$ cat work-v4.cif   # mmCIF, C-alpha atoms and all ligand atoms
data_target
#
loop_
_atom_site.label_atom_id
_atom_site.label_comp_id
_atom_site.auth_asym_id
_atom_site.auth_seq_id
_atom_site.Cartn_x
_atom_site.Cartn_y
_atom_site.Cartn_z
CA MET R 23 -11.68 -14.72 -45.80
CA ASN R 24 -14.66 -15.69 -47.92
CA ASN R 25 -14.20 -14.01 -51.31
CA GLU R 26 -17.24 -15.58 -52.91
CA ILE R 27 -19.51 -13.16 -54.75
CA ASP R 28 -23.22 -13.79 -54.23
CA GLN R 29 -24.60 -15.42 -57.41
CA LYS R 30 -27.91 -13.60 -57.01
CA MET R 31 -26.09 -10.27 -57.37
CA ILE R 32 -24.47 -11.13 -60.72
CA PRO R 33 -26.56 -9.96 -63.70
CA THR R 34 -27.49 -12.47 -66.40
CA ARG R 35 -28.00 -12.47 -70.17
CA THR R 36 -30.70 -14.45 -71.94
CA LEU R 37 -29.92 -16.78 -74.85
CA TYR R 38 -32.37 -17.33 -77.74
CA SER R 39 -33.69 -20.38 -75.89
CA GLY R 40 -34.66 -18.28 -72.88
CA GLU R 41 -31.86 -19.75 -70.74
CA LYS R 42 -30.03 -17.25 -68.57
CA ILE R 43 -26.24 -17.22 -68.35
CA PRO R 44 -23.85 -14.98 -66.39
CA CYS R 45 -23.00 -11.52 -67.72
CA MET R 46 -19.25 -12.22 -67.41
CA GLY R 47 -16.92 -15.18 -67.80
CA ILE R 48 -13.22 -15.77 -67.33
CA GLY R 49 -10.86 -16.23 -70.29
CA THR R 50 -8.28 -19.01 -70.32
CA PHE R 51 -5.83 -18.05 -73.09
CA GLY R 52 -2.44 -17.63 -71.40
CA SER R 53 -1.18 -15.48 -74.33
CA ASP R 54 2.11 -17.49 -74.47
CA LYS R 55 2.86 -15.79 -71.10
CA TYR R 56 1.08 -17.87 -68.46
CA ASP R 57 1.46 -21.67 -68.44
CA ALA R 58 -1.35 -24.22 -68.17
CA GLN R 59 -0.77 -24.80 -64.47
CA THR R 60 -1.05 -21.10 -63.67
CA VAL R 61 -4.18 -20.66 -65.80
CA SER R 62 -5.90 -23.69 -64.28
CA GLU R 63 -5.14 -22.52 -60.73
CA ALA R 64 -6.77 -19.21 -61.65
CA VAL R 65 -9.82 -21.05 -63.00
CA TYR R 66 -10.05 -22.90 -59.68
CA GLY R 67 -9.88 -19.64 -57.71
CA ALA R 68 -12.25 -17.90 -60.10
CA ILE R 69 -14.96 -20.56 -59.73
CA ARG R 70 -14.47 -20.49 -55.96
CA SER R 71 -15.01 -16.73 -56.05
CA GLY R 72 -18.20 -16.93 -58.10
CA TYR R 73 -17.38 -17.25 -61.83
CA ARG R 74 -19.62 -19.75 -63.59
CA LEU R 75 -18.81 -19.12 -67.28
CA ILE R 76 -15.38 -20.39 -68.37
CA ASP R 77 -14.15 -19.65 -71.91
CA CYS R 78 -11.95 -22.57 -73.03
CA ALA R 79 -10.49 -23.70 -76.36
CA ALA R 80 -8.50 -26.68 -77.59
CA VAL R 81 -5.79 -24.39 -78.96
CA TYR R 82 -5.12 -22.84 -75.54
CA GLN R 83 -3.45 -26.18 -74.66
CA ASN R 84 -4.67 -26.21 -71.09
CA GLU R 85 -8.05 -27.97 -71.15
CA ASP R 86 -6.54 -31.06 -69.48
CA ARG R 87 -5.33 -28.96 -66.54
CA ILE R 88 -8.65 -27.13 -66.35
CA GLY R 89 -10.31 -30.57 -66.30
CA GLU R 90 -8.26 -31.46 -63.21
CA VAL R 91 -9.43 -28.40 -61.29
CA LEU R 92 -13.05 -28.95 -62.36
CA LYS R 93 -12.82 -32.50 -61.00
CA LYS R 94 -11.44 -31.14 -57.72
CA LEU R 95 -14.21 -28.54 -57.47
CA PHE R 96 -16.88 -31.19 -58.12
CA SER R 97 -15.37 -33.52 -55.50
CA GLU R 98 -15.23 -30.66 -53.00
CA LYS R 99 -18.89 -29.95 -53.84
CA ALA R 100 -17.94 -26.31 -54.46
CA VAL R 101 -20.14 -26.39 -57.58
CA GLY R 102 -22.13 -28.95 -59.54
CA ARG R 103 -21.73 -29.50 -63.27
CA ASN R 104 -25.05 -27.80 -64.01
CA ASP R 105 -23.97 -24.65 -62.18
CA LEU R 106 -21.26 -24.05 -64.78
CA PHE R 107 -21.41 -22.81 -68.36
CA ILE R 108 -18.31 -24.13 -70.13
CA THR R 109 -17.36 -23.15 -73.65
CA SER R 110 -14.77 -24.72 -75.92
CA LYS R 111 -13.78 -24.24 -79.56
CA VAL R 112 -12.76 -26.34 -82.51
CA TRP R 113 -9.41 -25.14 -83.83
CA ASN R 114 -8.76 -24.33 -87.48
CA ASP R 115 -6.80 -27.54 -88.16
CA MET R 116 -9.80 -29.74 -87.25
CA HIS R 117 -12.41 -28.62 -89.81
CA GLY R 118 -12.30 -31.72 -92.02
CA ASP R 119 -14.94 -34.48 -92.20
CA GLY R 120 -15.23 -36.19 -88.81
CA GLN R 121 -12.63 -33.96 -87.21
CA VAL R 122 -15.05 -31.69 -85.36
CA LEU R 123 -16.43 -34.70 -83.48
CA GLU R 124 -12.88 -35.88 -82.80
CA SER R 125 -11.90 -32.44 -81.50
CA CYS R 126 -15.01 -32.11 -79.34
CA LYS R 127 -14.45 -35.57 -77.83
CA LYS R 128 -10.85 -34.64 -77.04
CA SER R 129 -11.99 -31.42 -75.31
CA LEU R 130 -14.64 -33.39 -73.38
CA MET R 131 -12.04 -35.92 -72.28
CA ASP R 132 -9.52 -33.23 -71.31
CA LEU R 133 -12.12 -31.19 -69.43
CA GLY R 134 -13.48 -34.36 -67.81
CA LEU R 135 -17.02 -33.50 -68.88
CA ASP R 136 -19.79 -35.36 -70.67
CA TYR R 137 -21.15 -32.25 -72.38
CA ILE R 138 -19.94 -28.77 -73.33
CA ASP R 139 -22.41 -25.92 -72.91
CA LEU R 140 -21.35 -23.86 -75.92
CA TYR R 141 -19.01 -25.03 -78.66
CA PHE R 142 -17.55 -22.46 -81.07
CA VAL R 143 -16.05 -22.60 -84.51
CA HIS R 144 -12.95 -20.66 -83.44
CA TRP R 145 -12.21 -19.07 -86.85
CA PRO R 146 -14.32 -19.27 -90.02
CA PHE R 147 -11.58 -20.85 -92.15
CA PRO R 148 -9.27 -23.85 -91.83
CA ASN R 149 -6.10 -21.74 -91.69
CA TYR R 150 -3.69 -22.43 -88.89
CA HIS R 151 -0.21 -21.63 -87.80
CA ALA R 152 2.35 -23.23 -85.53
CA PRO R 153 1.94 -22.21 -81.85
CA GLY R 154 4.06 -19.16 -81.03
CA CYS R 155 4.92 -18.44 -84.70
CA SER R 156 5.86 -14.93 -85.85
CA GLY R 157 3.28 -12.52 -87.27
CA ASP R 158 4.59 -12.66 -90.85
CA SER R 159 4.64 -16.47 -91.23
CA ARG R 160 2.19 -17.89 -93.83
CA ASN R 161 0.83 -21.42 -94.21
CA PRO R 162 0.69 -22.32 -97.95
CA ASP R 163 -2.51 -24.35 -97.32
CA SER R 164 -4.40 -21.29 -96.03
CA MET R 165 -7.47 -20.21 -98.01
CA PRO R 166 -10.06 -17.42 -97.97
CA PHE R 167 -13.51 -17.94 -96.39
CA SER R 168 -15.79 -20.31 -98.28
CA VAL R 169 -19.49 -20.83 -97.47
CA GLU R 170 -19.17 -24.48 -98.43
CA GLU R 171 -16.18 -25.09 -96.16
CA PHE R 172 -17.78 -23.22 -93.26
CA MET R 173 -21.12 -24.99 -93.58
CA GLY R 174 -19.27 -28.33 -93.63
CA VAL R 175 -17.94 -27.43 -90.18
CA TRP R 176 -21.29 -26.05 -88.99
CA ARG R 177 -23.15 -29.24 -90.02
CA GLN R 178 -20.68 -31.20 -87.88
CA CYS R 179 -21.35 -28.82 -84.97
CA GLU R 180 -25.10 -29.31 -85.42
CA LYS R 181 -24.55 -33.08 -85.10
CA LEU R 182 -22.81 -32.50 -81.77
CA VAL R 183 -25.98 -30.84 -80.49
CA GLU R 184 -28.12 -33.64 -81.92
CA ASN R 185 -25.86 -36.21 -80.19
CA GLY R 186 -26.07 -34.41 -76.84
CA LEU R 187 -22.33 -33.69 -76.63
CA VAL R 188 -22.92 -29.95 -76.83
CA ARG R 189 -25.89 -27.80 -75.74
CA TYR R 190 -25.35 -24.73 -77.94
CA ILE R 191 -23.07 -23.87 -80.83
CA GLY R 192 -21.51 -20.54 -81.67
CA MET R 193 -19.38 -18.69 -84.18
CA SER R 194 -16.30 -16.57 -83.57
CA ASN R 195 -14.37 -13.99 -85.56
CA MET R 196 -17.20 -13.50 -88.05
CA THR R 197 -18.24 -10.46 -90.07
CA ILE R 198 -21.68 -9.29 -91.21
CA PRO R 199 -21.13 -10.43 -94.84
CA LYS R 200 -20.11 -13.90 -93.64
CA LEU R 201 -23.10 -14.12 -91.28
CA GLU R 202 -25.41 -12.97 -94.08
CA ALA R 203 -24.04 -15.78 -96.23
CA VAL R 204 -24.48 -18.59 -93.69
CA LEU R 205 -27.24 -17.81 -91.18
CA SER R 206 -30.11 -18.81 -93.45
CA LEU R 207 -28.38 -22.15 -94.08
CA CYS R 208 -28.10 -23.06 -90.39
CA LYS R 209 -30.48 -25.72 -89.05
CA ILE R 210 -29.40 -24.75 -85.53
CA GLN R 211 -28.77 -21.07 -85.04
CA PRO R 212 -25.64 -19.81 -83.30
CA ALA R 213 -26.39 -18.94 -79.67
CA ALA R 214 -23.42 -16.61 -79.40
CA LEU R 215 -20.85 -14.73 -81.40
CA GLU R 216 -17.41 -14.42 -79.84
CA MET R 217 -15.82 -11.23 -81.12
CA GLU R 218 -13.22 -8.68 -80.16
CA LEU R 219 -14.92 -5.94 -78.12
CA HIS R 220 -13.37 -3.20 -75.98
CA PRO R 221 -13.78 0.59 -75.76
CA SER R 222 -11.41 1.35 -78.64
CA PHE R 223 -12.97 -1.42 -80.78
CA GLN R 224 -16.73 -1.51 -80.31
CA GLN R 225 -17.83 -3.02 -83.66
CA PRO R 226 -21.25 -1.32 -83.34
CA GLU R 227 -22.68 -2.67 -86.62
CA LEU R 228 -21.72 -6.29 -85.91
CA PHE R 229 -22.83 -5.97 -82.28
CA ASP R 230 -26.27 -4.66 -83.34
CA TYR R 231 -26.55 -7.29 -86.07
CA ALA R 232 -25.91 -10.07 -83.55
CA GLN R 233 -28.43 -8.68 -81.08
CA ARG R 234 -31.08 -8.29 -83.81
CA HIS R 235 -30.59 -11.98 -84.67
CA LYS R 236 -30.78 -13.09 -81.00
CA ILE R 237 -27.11 -14.07 -81.05
CA GLN R 238 -25.43 -13.12 -77.77
CA PRO R 239 -22.17 -11.15 -78.29
CA ILE R 240 -19.30 -12.44 -76.15
CA GLY R 241 -16.45 -9.94 -76.00
CA TYR R 242 -12.83 -10.99 -76.05
CA CYS R 243 -9.85 -8.74 -75.18
CA PRO R 244 -12.32 -6.78 -73.02
CA VAL R 245 -9.67 -4.72 -71.23
CA GLY R 246 -7.52 -4.32 -74.35
CA SER R 247 -5.42 -7.47 -73.87
CA PRO R 248 -2.35 -5.77 -72.37
CA SER R 249 -0.53 -9.14 -72.15
CA ARG R 250 -1.23 -10.25 -75.73
CA PRO R 251 1.53 -12.00 -77.71
CA GLU R 252 4.05 -9.92 -79.70
CA ARG R 253 2.56 -11.14 -83.00
CA ASP R 254 -0.66 -9.28 -82.12
CA ARG R 255 0.98 -5.89 -81.43
CA THR R 256 1.44 -2.96 -83.80
CA ALA R 257 2.62 0.63 -83.27
CA GLU R 258 -0.89 2.02 -84.02
CA ASP R 259 -2.62 0.04 -81.24
CA VAL R 260 -4.48 2.15 -78.70
CA SER R 261 -4.38 1.34 -74.95
CA ASP R 262 -8.00 1.15 -73.77
CA MET R 263 -7.06 1.84 -70.19
CA GLN R 264 -5.51 5.19 -71.18
CA LEU R 265 -8.50 6.48 -73.13
CA PRO R 266 -9.58 9.78 -71.51
CA ALA R 267 -13.18 8.68 -70.84
CA VAL R 268 -12.02 5.39 -69.31
CA ALA R 269 -9.37 7.11 -67.17
CA ALA R 270 -11.87 9.77 -66.02
CA ALA R 271 -14.44 7.15 -64.99
CA ALA R 272 -11.71 5.20 -63.16
CA ARG R 273 -10.87 8.29 -61.14
CA ALA R 274 -14.54 9.00 -60.43
CA HIS R 275 -15.28 5.42 -59.29
CA GLN R 276 -11.85 4.91 -57.70
CA VAL R 277 -11.22 1.65 -59.52
CA HIS R 278 -8.63 0.37 -61.99
CA PRO R 279 -9.34 1.42 -65.63
CA ALA R 280 -9.66 -2.30 -66.51
CA VAL R 281 -12.70 -2.43 -64.25
CA ILE R 282 -14.24 0.51 -66.12
CA CYS R 283 -13.82 -1.35 -69.44
CA LEU R 284 -15.70 -4.28 -67.90
CA LYS R 285 -18.49 -2.22 -66.38
CA TRP R 286 -18.98 -0.59 -69.79
CA ALA R 287 -19.06 -4.00 -71.50
CA VAL R 288 -21.63 -5.47 -69.14
CA GLN R 289 -23.86 -2.39 -69.19
CA ARG R 290 -23.72 -2.34 -72.99
CA GLY R 291 -24.95 -5.94 -73.12
CA GLN R 292 -22.03 -8.06 -74.27
CA ILE R 293 -20.55 -10.81 -72.09
CA PRO R 294 -16.91 -9.89 -71.47
CA ILE R 295 -14.49 -12.74 -70.75
CA PRO R 296 -11.51 -11.01 -69.11
CA PHE R 297 -8.43 -13.14 -68.50
CA SER R 298 -6.47 -12.84 -65.29
CA VAL R 299 -4.44 -15.21 -63.16
CA LYS R 300 -4.21 -12.66 -60.33
CA GLU R 301 -6.77 -13.23 -57.60
CA ALA R 302 -7.30 -9.57 -56.72
CA GLN R 303 -7.86 -8.75 -60.41
CA TYR R 304 -10.27 -11.55 -61.26
CA ILE R 305 -12.29 -10.96 -58.11
CA SER R 306 -12.58 -7.21 -58.73
CA ASN R 307 -13.51 -7.92 -62.35
CA LEU R 308 -16.52 -10.04 -61.40
CA LYS R 309 -17.44 -7.95 -58.37
CA CYS R 310 -17.71 -4.79 -60.47
CA THR R 311 -20.80 -6.24 -62.17
CA THR R 312 -22.64 -6.13 -58.85
CA GLU R 313 -22.05 -2.54 -57.71
CA ASP R 314 -21.57 1.13 -58.60
CA PRO R 315 -22.64 1.21 -62.28
CA LEU R 316 -21.37 3.76 -64.79
CA THR R 317 -23.67 6.73 -65.38
CA ALA R 318 -25.43 7.26 -68.72
CA GLU R 319 -22.97 10.13 -69.37
CA GLU R 320 -19.97 7.88 -68.70
CA MET R 321 -21.40 5.18 -70.97
CA GLU R 322 -21.85 7.76 -73.73
CA ALA R 323 -18.35 9.21 -73.25
CA ILE R 324 -16.87 5.71 -73.60
CA ARG R 325 -19.06 5.02 -76.65
CA MET R 326 -17.45 8.07 -78.26
CA GLU R 327 -13.95 6.61 -77.68
CA ASP R 328 -14.37 3.95 -80.40
CA LYS R 329 -11.24 4.10 -82.58
CA ASN R 330 -11.94 1.03 -84.73
CA CYS R 331 -8.69 -0.34 -83.29
CA ARG R 332 -8.63 -4.09 -83.89
CA LEU R 333 -5.94 -5.81 -81.82
CA VAL R 334 -6.26 -9.43 -83.02
CA LYS R 335 -5.77 -8.79 -86.72
CA GLY R 336 -5.29 -12.47 -87.53
CA GLN R 337 -2.48 -11.89 -90.04
CA VAL R 338 -1.07 -15.39 -89.38
CA PHE R 339 -4.24 -16.79 -90.99
CA LEU R 340 -3.74 -15.01 -94.31
CA TRP R 341 -3.52 -17.02 -97.49
CA GLU R 342 -0.84 -16.51 -100.11
CA GLY R 343 -1.94 -13.68 -102.40
CA ALA R 344 -3.96 -11.86 -99.75
CA GLU R 345 -3.20 -8.15 -99.62
CA GLY R 346 -3.20 -7.67 -95.86
CA TRP R 347 -4.97 -8.60 -92.63
CA GLU R 348 -7.93 -6.41 -93.67
CA ASP R 349 -8.80 -9.15 -96.21
CA LEU R 350 -9.83 -11.40 -93.30
CA TRP R 351 -12.48 -8.95 -92.14
CA ASP R 352 -14.46 -8.04 -95.34
CA MET R 353 -14.09 -4.33 -94.67
CA ASP R 354 -15.86 -3.23 -97.85
CA GLY R 355 -18.93 -5.23 -96.89
CA VAL R 356 -18.28 -8.11 -99.30
CA ILE R 357 -16.54 -11.40 -98.54
CA VAL R 358 -12.94 -11.35 -99.75
CA THR R 359 -12.44 -14.59 -101.66
CA LYS R 360 -9.26 -13.87 -103.59
CA LYS R 361 -6.68 -16.63 -103.89
CA ARG R 362 -3.89 -16.44 -106.36
N1 LIG W 1 -12.38 -16.26 -79.92
C1 LIG W 1 -11.17 -15.80 -80.09
O1 LIG W 1 -10.61 -15.82 -81.23
C2 LIG W 1 -10.42 -15.19 -78.94
C3 LIG W 1 -9.31 -14.37 -79.19
C4 LIG W 1 -8.65 -13.81 -78.10
C5 LIG W 1 -9.08 -14.08 -76.80
N2 LIG W 1 -10.15 -14.90 -76.58
C6 LIG W 1 -10.63 -15.19 -75.19
O2 LIG W 1 -10.79 -13.95 -74.53
C7 LIG W 1 -10.09 -13.96 -73.28
C8 LIG W 1 -9.67 -12.56 -72.91
O3 LIG W 1 -8.85 -11.95 -73.87
P1 LIG W 1 -7.35 -11.52 -73.56
O4 LIG W 1 -6.81 -12.40 -72.49
O5 LIG W 1 -6.60 -11.46 -74.82
O6 LIG W 1 -7.49 -10.00 -73.10
P2 LIG W 1 -7.97 -9.21 -71.81
O7 LIG W 1 -8.85 -10.03 -70.97
O8 LIG W 1 -8.46 -7.91 -72.33
O9 LIG W 1 -6.60 -8.91 -71.06
C9 LIG W 1 -6.06 -9.79 -70.08
C10 LIG W 1 -4.96 -9.08 -69.28
O10 LIG W 1 -5.48 -7.85 -68.74
C11 LIG W 1 -4.92 -7.59 -67.48
N3 LIG W 1 -6.04 -7.43 -66.49
C12 LIG W 1 -7.17 -8.18 -66.38
N4 LIG W 1 -7.92 -7.73 -65.36
C13 LIG W 1 -7.26 -6.67 -64.82
C14 LIG W 1 -7.52 -5.79 -63.74
N5 LIG W 1 -8.63 -5.88 -62.99
N6 LIG W 1 -6.60 -4.82 -63.47
C15 LIG W 1 -5.48 -4.70 -64.22
N7 LIG W 1 -5.16 -5.51 -65.26
C16 LIG W 1 -6.06 -6.49 -65.55
C17 LIG W 1 -4.03 -8.78 -67.12
O11 LIG W 1 -2.69 -8.39 -67.42
P3 LIG W 1 -1.45 -8.95 -66.54
O12 LIG W 1 -1.46 -10.42 -66.70
O13 LIG W 1 -0.28 -8.28 -67.16
O14 LIG W 1 -1.75 -8.52 -65.12
C18 LIG W 1 -4.48 -9.87 -68.07
O15 LIG W 1 -3.46 -10.77 -68.43
C19 LIG W 1 -8.95 -14.94 -73.56
O16 LIG W 1 -8.34 -15.41 -72.36
C20 LIG W 1 -9.67 -16.02 -74.34
O17 LIG W 1 -10.41 -16.87 -73.47
C21 LIG W 1 -10.83 -15.43 -77.64
#

$ encode --input "work-v4.cif" --output "structure tokens" --more "lines below"
Ligand SMILES: NC(=O)c1ccc[n+]([C@@H]2O[C@H](COP(=O)([O-])OP(=O)(O)OC[C@H]3O[C@@H](n4cnc5c(N)ncnc54)[C@H](OP(=O)(O)O)[C@@H]3O)[C@@H](O)[C@H]2O)c1
Amino acid sequence: MNNEIDQKMIPTRTLYSGEKIPCMGIGTFGSDKYDAQTVSEAVYGAIRSGYRLIDCAAVYQNEDRIGEVLKKLFSEKAVGRNDLFITSKVWNDMHGDGQVLESCKKSLMDLGLDYIDLYFVHWPFPNYHAPGCSGDSRNPDSMPFSVEEFMGVWRQCEKLVENGLVRYIGMSNMTIPKLEAVLSLCKIQPAALEMELHPSFQQPELFDYAQRHKIQPIGYCPVGSPSRPERDRTAEDVSDMQLPAVAAAARAHQVHPAVICLKWAVQRGQIPIPFSVKEAQYISNLKCTTEDPLTAEEMEAIRMEDKNCRLVKGQVFLWEGAEGWEDLWDMDGVIVTKKR
């Protein structure tokens, strides 16, 4: 059976340059649950079924496997390099002088590519933790956001564009105060902002800010990340798929509530990057962008479901002396710079 979704049917979004990119991508973070082999096989199937935007990152530890399936797809002439829009991200432990280039070259080698379409600064500070560590572990070298540190990383990203290794650069896990502090210093503006976005966490102010500045919002955890690692779970978390407006729309459209979260995301204007290794899921996720849209009333009912429920709180990136994960997100509108 040919499962391929017609490219002409898939809506697009327009970057500041005028270039059009798909309205949905596929995520590749296995959440400590799916191994690299499983994720890369899903990427193979996803591209075969019509996905063109693939959200990668060095820290997901599977770019080499994804590179193998890209090579296979190119040799099978299933797609050409220019048909794809591949992202990657520099991890927090590679912010130092020269390290962004080193990290980008490693991702290029692993992915088997000679350029990356969009390269993100994964988090706006150099704080990192051991893979799979518990939520309350702290790295003594962690520090609060600093404009100087961030711009040191951004300048290195700008060089990647100048050297032709990367076409666009982007930021991730930012806040309005941090963007206010750095945007005017950028020689090359961010093309996209990767941020957590789902019905119970809509970040309307940051979303509008990005759109006003011609920065395309890319939404992670778009269906509420039901498979996320234990360290990212708390008792207060809301399940997006059980929200009344999402459940009601799922009944009305006779689809899974995950699909409703994605229809809402695409119709709102962000680019969701749902993760799935299950063929039926990832095909229905992309296909839902091509048919049976939500009504204006359904969109409004889901808008009203915002609970300000952040799932990826980032507590493992806290510095010693920080009061709580809220310090990472500048909730009072000013950058938290405390360090004991
Ligand atoms: N920039 C950043 O800091 C950052 C942070 C987090 C994530 N990301 C990116 O965002 C991507 C997506 O985030 P995420 O993986 O955390 O969350 P997500 O996409 O909201 O959730 C993925 C899970 O949802 C379930 N699912 C997906 N489609 C479904 C469907 N049609 N029906 C039923 N269940 C469905 C699957 O669960 P089962 O496997 O249990 O079936 C899947 O594992 C990541 O893979 C990564 O690329 C970026």

$ residues_near_point --input "work-v4.cif" --point "(-25.9, -15.6, -97.2)" --cutoff "12 Å" --atoms "only C-alpha atoms" --output "JSON, numbers by chain"
{"R": [168, 169, 170, 172, 173, 197, 198, 199, 200, 201, 202, 203, 204, 205, 206, 207, 208, 356, 357]}

$ atom_distance --input "work-v4.cif" --atom1 "atom CA of Gly118 of chain R" --atom2 "atom CA of Val183 of chain R"
17.9 Å

$ residues_near_ligand --input "work-v4.cif" --ligand "ligand LIG 1 (chain W)" --cutoff "8 Å" --atoms "all atoms listed in the file" --output "number ranges by chain"
R: 48-53, 76-79, 144-145, 194-195, 216-218, 220, 241-250, 278-281, 294-300, 302-307, 334

$ closest_residue --input "work-v4.cif" --among "R:Ala213, R:Met131, R:Ile69, R:Val260" --to "Cys331 of chain R" --atoms "only C-alpha atoms"
R:Val260

$ atom_distance --input "work-v4.cif" --atom1 "atom CA of Asp54 of chain R" --atom2 "atom CA of Tyr82 of chain R"
9.1 Å

$ residues_around --input "work-v4.cif" --residues "Ile293 of chain R" --least-positions-apart "3" --cutoff "6 Å" --atoms "all atoms listed in the file" --output "JSON, numbers by chain"
{"R": [45, 46, 240, 241]}

$ write_last_selection --input "work-v4.cif" --atoms "C-alpha atoms" --output "PDB file, in the coordinates of the input"
ATOM      1  CA  CYS R  45     -23.000 -11.520 -67.720  1.00  0.00           C
ATOM      2  CA  MET R  46     -19.250 -12.220 -67.410  1.00  0.00           C
ATOM      3  CA  ILE R 240     -19.300 -12.440 -76.150  1.00  0.00           C
ATOM      4  CA  GLY R 241     -16.450  -9.940 -76.000  1.00  0.00           C
TER       5      GLY R 241
END

$ axis_aligned_box --input "work-v4.cif" --around "segment 163-180 of chain R" --padding-each-side "5 Å" --output "AutoDock Vina command-line options"
--center_x -13.8 --center_y -24.3 --center_z -91.7 --size_x 32.6 --size_y 23.8 --size_z 23.5

$ atom_distance --input "work-v4.cif" --atom1 "atom CA of Pro33 of chain R" --atom2 "atom CA of Ala270 of chain R"
24.7 Å

$ residues_around --input "work-v4.cif" --residues "Ile324 of chain R" --least-positions-apart "3" --cutoff "7 Å" --atoms "only C-alpha atoms" --output "VMD selection string"
chain R and resid 221 267 to 268 320 to 321 327
